[in-house]
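Contents: one structure, followed by commentary.
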Amino acid sequence: MTRILWVVLAAAAMVALPFLFRRPAAQGKWATGDPVLVVVSPHNEAIREEFGHAFSAWHAANHGRPVKVDWRVIGGTTEIMRYLASEYVGSMRAWWEREGRPWPAAGAEWMLDRRFDPARPPAVAADEAWARRRDFFLAFRTNDSPASATARIDLFFGGGVYDHEKAGQQGLTVPPWREDAAIPTGLFADAGRRELIPPGSSGEVWRGQAFFGTVLSTFGICYNPDRLKDLGIAEPPRAWADLADPRYFGQVGVTDPTKSGSVAKAFEMIIQQACRETVQAAGFSDEEIAVWEAAIAEARLPPGELPGGVPAAYQEAVARGWLAGINRVRLIGANARYFTDSAGKVPIDVGMGATAAGIAIDFFGRFQSEYTRAGDGQPRMRYLTPVGGSSVSADPISLLRGAPNRELAVRFITFCLGEEGQKLWNYRAGEPGGPLRYALRRLPIRRDFYPGEDLAFEAAARAHLAHCSDDLADPSVNPFRLARAFSYQPRWSGAHFGIQRDLVRALCLDSGEELRAAWKRIRENGGADRQPEAMAWLLKLPQTPVPVTWASAVTDYASEHVDRLEYLRRWTAEMRANYRQARACVRAPAP
């Protein structure tokens, strides 16, 4: 009996200990009846917690009541976009049928079509089918009532410009300020009309009509010096192409770009740099590129077609560079130890020595570099942005159509773009106006956080620097300086963004086992230069249903009407066969 009693007491203690020693939950001042803001976000827990606390305190100070931020965590931006589209279609259908109107067979396609223009009727003016489609399209796009088409969420916070811009084109988001309404002073410009948040930089867009960048990011390489030494690699990686070196086989950590919009942007940077290298190698200068791209943009011709005065050789160089970039990404995938769903995992694994190097978003890389400092002060993991290898992109915030708490959501946008919200991104934890628990180590988007020529901004920036985690004056950190070293050309790879994600999936993930086996065999038998036939098979792009080229990636594949799952199935089967053929073609080098 005594033995049974001791067993029961021990079991009770095991159950009770976690409750006895757990940390008390943070207590806010919010109470039942106070406002609630619903936000969907791919941001991590630290960002969510700090912005939730800070906005509640800001709102209480400026509007009299605290706010509870109800965070909806669905996954990365890809998952969020699918969820929002599904919610809006379901909501629109329920409202449409409540009104006694039959739901069109193509209703979902009609309401989300990014290319439909209701102001451009077909040649036959009396086309009734087009008129029905126009009326249905406008019924969704002109309705911002939570009683009709709504996702029951107020804001989309975080992720890349591509997804926020797409959300606007699909009608999922709306401008927070009407065209005739004055945008609050101090957000995009100060009282002296000095620009605080530029529309963009070096070809990248930072804000539009319905999305607004809140924080900036660059992309780069993280590496472990000790692991490199073990591999016999004397020089650390300095450029994207270094990660395709066969000496890194099985040693590169990579995030799945189909799960992370930010990492998909990093892959686009690799492709952009390859395009520029190829164009410059063909003898075209930066000045010629700028003039010709402006002429092409003004002409608004189909992809690949050129206005007079732009040489065909220039476009051919862009197409070759794009192909070279895709294959550079493929060889990095061939060296990959894994493809993870979490962008934060790669720097952690590099710091622990589980991988030698990896592709990282700047704030994850800088944070982990600081976290892994050894007793002598030297970090076990280092991070760098390749010179000329990354543009500076923004993580935006957007107001969702039919937001149940519209006024509150607009206040949150105002908070994020204002000085109070911007301090959270890089102030040290515990600093006045900074985060409470977590140093977020990210780059604010406002110009007055960075020293420059403007004396007023210089004074403000110097005041901020005393509280910041990173030296925002350092040219290797300052995003406004970094943007000058990289000129992004949207036409080269911007329209290909979605198809590039799918190519990485088919070329590197779904056929990854065959890819790595072929690359391993080539590596063990003299390398790429000794195995031209095998490399030709390894680097082939999909040929079905039509050959993938720079032009066809947009004209034939990047369409809302193409069966994406079908071409992904074909691509994967073709790549597996190609990689098996590449492996079979490897010949032992002559003695």
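Here, A, B, ... name the chains of the structure tokens in the order displayed, residue numbers run from 1 inside each chain, and ligands are numbered from 1 in the same displayed order.
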
Taking a cut-off of 12 Å and counting only C-alpha atoms, can you build a table that, for each residue of region 217-312 of chain A near region 35-51 of chain A, reports the nearest atom pair and how far apart they are in Å (one decimal), sorted by chain then residue number, as a Markdown table?
| residue | atom | partner | partner_atom | distance |
| --- | --- | --- | --- | --- |
| A:Lys259 | CA | A:Pro42 | CA | 10.4 |
| A:Ser260 | CA | A:Pro42 | CA | 8.8 |
| A:Gly261 | CA | A:Pro42 | CA | 9.6 |
| A:Ser262 | CA | A:Pro42 | CA | 10.2 |

For the structure I just gave you, how does DSSP split region 10-167 of chain A - specifically, which residues are strand (DSSP E or B)? Reply as a PyMOL selection string. chain A and resi 36-40+68-72+155-157

Which polymer residues have any atom within 8 Å of an atom of region 490-506 of chain A, counting only C-alpha atoms, with same-chain residues fewer than 6 positions away left out, as a PDB file with all heavy atoms, in the first residue's frame?
ATOM      1  N   TYR A 162       6.015  40.905 -53.308  1.00  0.00           N
ATOM      2  CA  TYR A 162       5.345  40.142 -54.363  1.00  0.00           C
ATOM      3  C   TYR A 162       3.952  39.689 -53.915  1.00  0.00           C
ATOM      4  O   TYR A 162       2.966  39.868 -54.627  1.00  0.00           O
ATOM      5  CB  TYR A 162       6.194  38.934 -54.752  1.00  0.00           C
ATOM      6  CG  TYR A 162       5.498  37.981 -55.699  1.00  0.00           C
ATOM      7  CD1 TYR A 162       5.440  38.234 -57.058  1.00  0.00           C
ATOM      8  CD2 TYR A 162       4.876  36.822 -55.221  1.00  0.00           C
ATOM      9  CE1 TYR A 162       4.788  37.368 -57.926  1.00  0.00           C
ATOM     10  CE2 TYR A 162       4.218  35.954 -56.077  1.00  0.00           C
ATOM     11  CZ  TYR A 162       4.182  36.220 -57.431  1.00  0.00           C
ATOM     12  OH  TYR A 162       3.533  35.367 -58.277  1.00  0.00           O
ATOM     13  N   GLY A 203      15.212  50.120 -58.173  1.00  0.00           N
ATOM     14  CA  GLY A 203      14.338  49.209 -58.900  1.00  0.00           C
ATOM     15  C   GLY A 203      13.356  48.445 -58.042  1.00  0.00           C
ATOM     16  O   GLY A 203      12.390  47.880 -58.565  1.00  0.00           O
ATOM     17  N   GLU A 204      13.568  48.388 -56.730  1.00  0.00           N
ATOM     18  CA  GLU A 204      12.647  47.694 -55.834  1.00  0.00           C
ATOM     19  C   GLU A 204      11.532  48.646 -55.401  1.00  0.00           C
ATOM     20  O   GLU A 204      11.773  49.830 -55.143  1.00  0.00           O
ATOM     21  CB  GLU A 204      13.377  47.186 -54.583  1.00  0.00           C
ATOM     22  CG  GLU A 204      14.304  46.009 -54.838  1.00  0.00           C
ATOM     23  CD  GLU A 204      13.558  44.697 -54.903  1.00  0.00           C
ATOM     24  OE1 GLU A 204      12.320  44.701 -54.966  1.00  0.00           O
ATOM     25  OE2 GLU A 204      14.234  43.651 -54.890  1.00  0.00           O
ATOM     26  N   ASP A 256      13.062  26.248 -48.221  1.00  0.00           N
ATOM     27  CA  ASP A 256      12.161  26.007 -49.342  1.00  0.00           C
ATOM     28  C   ASP A 256      11.504  27.320 -49.770  1.00  0.00           C
ATOM     29  O   ASP A 256      10.737  27.908 -49.011  1.00  0.00           O
ATOM     30  CB  ASP A 256      11.093  24.992 -48.903  1.00  0.00           C
ATOM     31  CG  ASP A 256      10.103  24.645 -49.996  1.00  0.00           C
ATOM     32  OD1 ASP A 256      10.150  25.262 -51.069  1.00  0.00           O
ATOM     33  OD2 ASP A 256       9.271  23.740 -49.768  1.00  0.00           O
ATOM     34  N   PRO A 257      11.776  27.818 -50.995  1.00  0.00           N
ATOM     35  CA  PRO A 257      11.195  29.098 -51.414  1.00  0.00           C
ATOM     36  C   PRO A 257       9.703  29.026 -51.679  1.00  0.00           C
ATOM     37  O   PRO A 257       9.050  30.067 -51.777  1.00  0.00           O
ATOM     38  CB  PRO A 257      11.968  29.422 -52.699  1.00  0.00           C
ATOM     39  CG  PRO A 257      12.378  28.094 -53.238  1.00  0.00           C
ATOM     40  CD  PRO A 257      12.638  27.231 -52.037  1.00  0.00           C
ATOM     41  N   THR A 258       9.146  27.820 -51.805  1.00  0.00           N
ATOM     42  CA  THR A 258       7.697  27.722 -51.997  1.00  0.00           C
ATOM     43  C   THR A 258       6.960  27.923 -50.675  1.00  0.00           C
ATOM     44  O   THR A 258       5.741  28.089 -50.674  1.00  0.00           O
ATOM     45  CB  THR A 258       7.305  26.361 -52.599  1.00  0.00           C
ATOM     46  OG1 THR A 258       7.570  25.310 -51.654  1.00  0.00           O
ATOM     47  CG2 THR A 258       8.087  26.082 -53.874  1.00  0.00           C
ATOM     48  N   ALA A 264      12.214  33.131 -51.271  1.00  0.00           N
ATOM     49  CA  ALA A 264      12.011  33.156 -52.726  1.00  0.00           C
ATOM     50  C   ALA A 264      12.625  34.418 -53.309  1.00  0.00           C
ATOM     51  O   ALA A 264      13.170  34.406 -54.425  1.00  0.00           O
ATOM     52  CB  ALA A 264      10.521  33.084 -53.050  1.00  0.00           C
ATOM     53  N   LYS A 265      12.577  35.513 -52.561  1.00  0.00           N
ATOM     54  CA  LYS A 265      13.214  36.761 -53.005  1.00  0.00           C
ATOM     55  C   LYS A 265      14.731  36.593 -53.042  1.00  0.00           C
ATOM     56  O   LYS A 265      15.400  37.115 -53.941  1.00  0.00           O
ATOM     57  CB  LYS A 265      12.818  37.904 -52.072  1.00  0.00           C
ATOM     58  CG  LYS A 265      13.277  39.269 -52.542  1.00  0.00           C
ATOM     59  CD  LYS A 265      12.570  39.683 -53.802  1.00  0.00           C
ATOM     60  CE  LYS A 265      13.000  41.069 -54.265  1.00  0.00           C
ATOM     61  NZ  LYS A 265      12.350  41.463 -55.527  1.00  0.00           N
ATOM     62  N   GLU A 268      15.599  34.976 -56.145  1.00  0.00           N
ATOM     63  CA  GLU A 268      15.525  35.918 -57.262  1.00  0.00           C
ATOM     64  C   GLU A 268      16.774  36.780 -57.338  1.00  0.00           C
ATOM     65  O   GLU A 268      17.234  37.140 -58.432  1.00  0.00           O
ATOM     66  CB  GLU A 268      14.281  36.802 -57.138  1.00  0.00           C
ATOM     67  CG  GLU A 268      14.035  37.609 -58.406  1.00  0.00           C
ATOM     68  CD  GLU A 268      13.038  38.744 -58.241  1.00  0.00           C
ATOM     69  OE1 GLU A 268      12.562  38.966 -57.107  1.00  0.00           O
ATOM     70  OE2 GLU A 268      12.753  39.408 -59.246  1.00  0.00           O
ATOM     71  N   ILE A 271      19.380  34.983 -59.268  1.00  0.00           N
ATOM     72  CA  ILE A 271      19.077  35.007 -60.708  1.00  0.00           C
ATOM     73  C   ILE A 271      19.341  36.398 -61.280  1.00  0.00           C
ATOM     74  O   ILE A 271      19.901  36.531 -62.380  1.00  0.00           O
ATOM     75  CB  ILE A 271      17.622  34.557 -60.933  1.00  0.00           C
ATOM     76  CG1 ILE A 271      17.458  33.096 -60.505  1.00  0.00           C
ATOM     77  CG2 ILE A 271      17.208  34.742 -62.393  1.00  0.00           C
ATOM     78  CD1 ILE A 271      16.018  32.641 -60.382  1.00  0.00           C
ATOM     79  N   GLN A 272      18.981  37.434 -60.544  1.00  0.00           N
ATOM     80  CA  GLN A 272      19.229  38.798 -61.001  1.00  0.00           C
ATOM     81  C   GLN A 272      20.721  39.045 -61.218  1.00  0.00           C
ATOM     82  O   GLN A 272      21.131  39.625 -62.223  1.00  0.00           O
ATOM     83  CB  GLN A 272      18.691  39.797 -59.979  1.00  0.00           C
ATOM     84  CG  GLN A 272      17.271  40.216 -60.179  1.00  0.00           C
ATOM     85  CD  GLN A 272      17.123  41.373 -61.154  1.00  0.00           C
ATOM     86  OE1 GLN A 272      17.979  42.255 -61.261  1.00  0.00           O
ATOM     87  NE2 GLN A 272      16.027  41.377 -61.882  1.00  0.00           N
ATOM     88  N   CYS A 275      21.924  37.440 -64.346  1.00  0.00           N
ATOM     89  CA  CYS A 275      21.504  38.220 -65.515  1.00  0.00           C
ATOM     90  C   CYS A 275      22.450  39.396 -65.743  1.00  0.00           C
ATOM     91  O   CYS A 275      22.906  39.639 -66.873  1.00  0.00           O
ATOM     92  CB  CYS A 275      20.083  38.735 -65.329  1.00  0.00           C
ATOM     93  SG  CYS A 275      18.780  37.488 -65.489  1.00  0.00           S
ATOM     94  N   GLU A 293      15.907  49.608 -70.773  1.00  0.00           N
ATOM     95  CA  GLU A 293      14.811  49.116 -69.928  1.00  0.00           C
ATOM     96  C   GLU A 293      13.701  50.160 -69.807  1.00  0.00           C
ATOM     97  O   GLU A 293      12.519  49.811 -69.764  1.00  0.00           O
ATOM     98  CB  GLU A 293      15.348  48.728 -68.545  1.00  0.00           C
ATOM     99  CG  GLU A 293      16.175  47.451 -68.539  1.00  0.00           C
ATOM    100  CD  GLU A 293      15.377  46.221 -68.950  1.00  0.00           C
ATOM    101  OE1 GLU A 293      14.159  46.176 -68.689  1.00  0.00           O
ATOM    102  OE2 GLU A 293      15.983  45.301 -69.536  1.00  0.00           O
ATOM    103  N   VAL A 318      20.020  38.800 -71.643  1.00  0.00           N
ATOM    104  CA  VAL A 318      19.163  38.693 -70.463  1.00  0.00           C
ATOM    105  C   VAL A 318      18.646  37.264 -70.322  1.00  0.00           C
ATOM    106  O   VAL A 318      18.660  36.678 -69.232  1.00  0.00           O
ATOM    107  CB  VAL A 318      17.981  39.685 -70.556  1.00  0.00           C
ATOM    108  CG1 VAL A 318      16.977  39.426 -69.437  1.00  0.00           C
ATOM    109  CG2 VAL A 318      18.475  41.125 -70.481  1.00  0.00           C
ATOM    110  N   TRP A 322      19.346  34.649 -67.305  1.00  0.00           N
ATOM    111  CA  TRP A 322      18.279  34.037 -66.510  1.00  0.00           C
ATOM    112  C   TRP A 322      18.482  32.528 -66.422  1.00  0.00           C
ATOM    113  O   TRP A 322      18.362  31.934 -65.342  1.00  0.00           O
ATOM    114  CB  TRP A 322      16.926  34.362 -67.143  1.00  0.00           C
ATOM    115  CG  TRP A 322      15.750  33.871 -66.356  1.00  0.00           C
ATOM    116  CD1 TRP A 322      15.187  34.459 -65.266  1.00  0.00           C
ATOM    117  CD2 TRP A 322      14.992  32.679 -66.607  1.00  0.00           C
ATOM    118  NE1 TRP A 322      14.121  33.706 -64.819  1.00  0.00           N
ATOM    119  CE2 TRP A 322      13.984  32.621 -65.627  1.00  0.00           C
ATOM    120  CE3 TRP A 322      15.069  31.674 -67.562  1.00  0.00           C
ATOM    121  CZ2 TRP A 322      13.054  31.571 -65.567  1.00  0.00           C
ATOM    122  CZ3 TRP A 322      14.151  30.633 -67.509  1.00  0.00           C
ATOM    123  CH2 TRP A 322      13.153  30.586 -66.530  1.00  0.00           C
ATOM    124  N   ILE A 326      19.125  30.284 -63.041  1.00  0.00           N
ATOM    125  CA  ILE A 326      18.353  29.102 -62.658  1.00  0.00           C
ATOM    126  C   ILE A 326      19.294  27.934 -62.380  1.00  0.00           C
ATOM    127  O   ILE A 326      19.133  27.193 -61.392  1.00  0.00           O
ATOM    128  CB  ILE A 326      17.345  28.733 -63.758  1.00  0.00           C
ATOM    129  CG1 ILE A 326      16.253  29.807 -63.888  1.00  0.00           C
ATOM    130  CG2 ILE A 326      16.718  27.364 -63.491  1.00  0.00           C
ATOM    131  CD1 ILE A 326      15.329  29.921 -62.707  1.00  0.00           C
ATOM    132  N   VAL A 329      21.151  28.315 -59.105  1.00  0.00           N
ATOM    133  CA  VAL A 329      20.284  27.888 -58.013  1.00  0.00           C
ATOM    134  C   VAL A 329      20.216  26.367 -57.955  1.00  0.00           C
ATOM    135  O   VAL A 329      20.256  25.760 -56.873  1.00  0.00           O
ATOM    136  CB  VAL A 329      18.872  28.485 -58.192  1.00  0.00           C
ATOM    137  CG1 VAL A 329      17.879  27.839 -57.238  1.00  0.00           C
ATOM    138  CG2 VAL A 329      18.893  29.989 -57.991  1.00  0.00           C
ATOM    139  N   ARG A 330      20.156  25.720 -59.124  1.00  0.00           N
ATOM    140  CA  ARG A 330      20.070  24.263 -59.154  1.00  0.00           C
ATOM    141  C   ARG A 330      21.318  23.629 -58.537  1.00  0.00           C
ATOM    142  O   ARG A 330      21.211  22.651 -57.781  1.00  0.00           O
ATOM    143  CB  ARG A 330      19.906  23.783 -60.591  1.00  0.00           C
ATOM    144  CG  ARG A 330      19.826  22.277 -60.648  1.00  0.00           C
ATOM    145  CD  ARG A 330      19.588  21.627 -61.979  1.00  0.00           C
ATOM    146  NE  ARG A 330      19.375  22.396 -63.148  1.00  0.00           N
ATOM    147  CZ  ARG A 330      18.579  22.023 -64.151  1.00  0.00           C
ATOM    148  NH1 ARG A 330      17.917  20.878 -64.073  1.00  0.00           N
ATOM    149  NH2 ARG A 330      18.454  22.765 -65.233  1.00  0.00           N
ATOM    150  N   ALA A 553       8.462  31.213 -69.800  1.00  0.00           N
ATOM    151  CA  ALA A 553       8.132  31.177 -68.374  1.00  0.00           C
ATOM    152  C   ALA A 553       7.020  32.165 -68.047  1.00  0.00           C
ATOM    153  O   ALA A 553       6.242  31.953 -67.116  1.00  0.00           O
ATOM    154  CB  ALA A 553       9.371  31.488 -67.538  1.00  0.00           C
ATOM    155  N   VAL A 554       6.920  33.242 -68.840  1.00  0.00           N
ATOM    156  CA  VAL A 554       5.877  34.240 -68.636  1.00  0.00           C
ATOM    157  C   VAL A 554       4.704  34.013 -69.584  1.00  0.00           C
ATOM    158  O   VAL A 554       3.547  33.996 -69.174  1.00  0.00           O
ATOM    159  CB  VAL A 554       6.443  35.665 -68.822  1.00  0.00           C
ATOM    160  CG1 VAL A 554       5.326  36.697 -68.699  1.00  0.00           C
ATOM    161  CG2 VAL A 554       7.519  35.938 -67.794  1.00  0.00           C
ATOM    162  N   TYR A 557       3.547  29.883 -69.007  1.00  0.00           N
ATOM    163  CA  TYR A 557       3.371  29.264 -67.691  1.00  0.00           C
ATOM    164  C   TYR A 557       2.790  30.213 -66.640  1.00  0.00           C
ATOM    165  O   TYR A 557       2.050  29.777 -65.766  1.00  0.00           O
ATOM    166  CB  TYR A 557       4.703  28.715 -67.189  1.00  0.00           C
ATOM    167  CG  TYR A 557       5.166  27.488 -67.933  1.00  0.00           C
ATOM    168  CD1 TYR A 557       6.202  27.556 -68.863  1.00  0.00           C
ATOM    169  CD2 TYR A 557       4.567  26.260 -67.709  1.00  0.00           C
ATOM    170  CE1 TYR A 557       6.630  26.431 -69.543  1.00  0.00           C
ATOM    171  CE2 TYR A 557       4.986  25.127 -68.381  1.00  0.00           C
ATOM    172  CZ  TYR A 557       6.019  25.213 -69.300  1.00  0.00           C
ATOM    173  OH  TYR A 557       6.437  24.092 -69.970  1.00  0.00           O
ATOM    174  N   ALA A 558       3.155  31.492 -66.671  1.00  0.00           N
ATOM    175  CA  ALA A 558       2.711  32.419 -65.625  1.00  0.00           C
ATOM    176  C   ALA A 558       1.323  32.965 -65.938  1.00  0.00           C
ATOM    177  O   ALA A 558       1.101  34.158 -65.999  1.00  0.00           O
ATOM    178  CB  ALA A 558       3.707  33.555 -65.476  1.00  0.00           C
ATOM    179  N   LEU A 568       3.804  20.936 -63.001  1.00  0.00           N
ATOM    180  CA  LEU A 568       4.763  20.525 -61.969  1.00  0.00           C
ATOM    181  C   LEU A 568       4.986  19.012 -62.001  1.00  0.00           C
ATOM    182  O   LEU A 568       6.117  18.537 -61.830  1.00  0.00           O
ATOM    183  CB  LEU A 568       4.261  20.947 -60.587  1.00  0.00           C
ATOM    184  CG  LEU A 568       4.573  22.381 -60.154  1.00  0.00           C
ATOM    185  CD1 LEU A 568       3.853  22.709 -58.852  1.00  0.00           C
ATOM    186  CD2 LEU A 568       6.078  22.586 -59.989  1.00  0.00           C
ATOM    187  N   TRP A 571       7.199  18.350 -65.043  1.00  0.00           N
ATOM    188  CA  TRP A 571       8.564  18.807 -64.821  1.00  0.00           C
ATOM    189  C   TRP A 571       9.325  17.851 -63.901  1.00  0.00           C
ATOM    190  O   TRP A 571      10.478  17.500 -64.168  1.00  0.00           O
ATOM    191  CB  TRP A 571       8.552  20.187 -64.178  1.00  0.00           C
ATOM    192  CG  TRP A 571       8.175  21.305 -65.090  1.00  0.00           C
ATOM    193  CD1 TRP A 571       7.828  21.227 -66.410  1.00  0.00           C
ATOM    194  CD2 TRP A 571       8.090  22.685 -64.739  1.00  0.00           C
ATOM    195  NE1 TRP A 571       7.541  22.459 -66.906  1.00  0.00           N
ATOM    196  CE2 TRP A 571       7.690  23.385 -65.911  1.00  0.00           C
ATOM    197  CE3 TRP A 571       8.310  23.406 -63.579  1.00  0.00           C
ATOM    198  CZ2 TRP A 571       7.516  24.768 -65.922  1.00  0.00           C
ATOM    199  CZ3 TRP A 571       8.126  24.778 -63.593  1.00  0.00           C
ATOM    200  CH2 TRP A 571       7.743  25.451 -64.746  1.00  0.00           C
ATOM    201  N   THR A 572       8.680  17.434 -62.827  1.00  0.00           N
ATOM    202  CA  THR A 572       9.358  16.568 -61.862  1.00  0.00           C
ATOM    203  C   THR A 572       9.731  15.232 -62.499  1.00  0.00           C
ATOM    204  O   THR A 572      10.863  14.745 -62.324  1.00  0.00           O
ATOM    205  CB  THR A 572       8.462  16.337 -60.637  1.00  0.00           C
ATOM    206  OG1 THR A 572       8.155  17.601 -60.030  1.00  0.00           O
ATOM    207  CG2 THR A 572       9.150  15.450 -59.617  1.00  0.00           C
ATOM    208  N   MET A 575      12.671  15.849 -64.847  1.00  0.00           N
ATOM    209  CA  MET A 575      13.938  16.109 -64.161  1.00  0.00           C
ATOM    210  C   MET A 575      14.510  14.832 -63.544  1.00  0.00           C
ATOM    211  O   MET A 575      15.717  14.594 -63.595  1.00  0.00           O
ATOM    212  CB  MET A 575      13.743  17.170 -63.073  1.00  0.00           C
ATOM    213  CG  MET A 575      13.496  18.567 -63.608  1.00  0.00           C
ATOM    214  SD  MET A 575      14.818  19.172 -64.709  1.00  0.00           S
ATOM    215  CE  MET A 575      14.101  18.845 -66.320  1.00  0.00           C
TER     216      MET A 575
END

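With CA of Ala313 (chain A) on one side and CA of Gly283 (chain A) on the other, the separation reads 10.1 Å.
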
At a cut-off of 9 Å, using only C-alpha atoms, what residues contact Arg65 (chain A)? Leave out same-chain residues fewer than 3 positions from it and give the result as an NGL selection string. :A and (29-30 or 34-35 or 56-57 or 59-62)

Option closest in space to Glu305 (chain A), from A:Asn405, A:Ser390, A:Asn335, A:Thr555 [counting only C-alpha atoms]: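 Among the listed residues, the smallest separation from Glu305 (chain A) belongs to A:Thr555.
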
Using only C-alpha atoms, the best pick from A:Phe188, A:Phe140, A:Phe364, A:Phe157 as closest to Asp448 (chain A) would be A:Phe188

Mind pulling up the distance from CA of Val69 (chain A) to CA of Glu179 (chain A)?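 One can read the CA of Glu179 (chain A) to CA of Val69 (chain A) distance as 27.9 Å.
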
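As for CA of Gln581 (chain A) and CA of Ala536 (chain A), they are spaced 10.0 Å apart.
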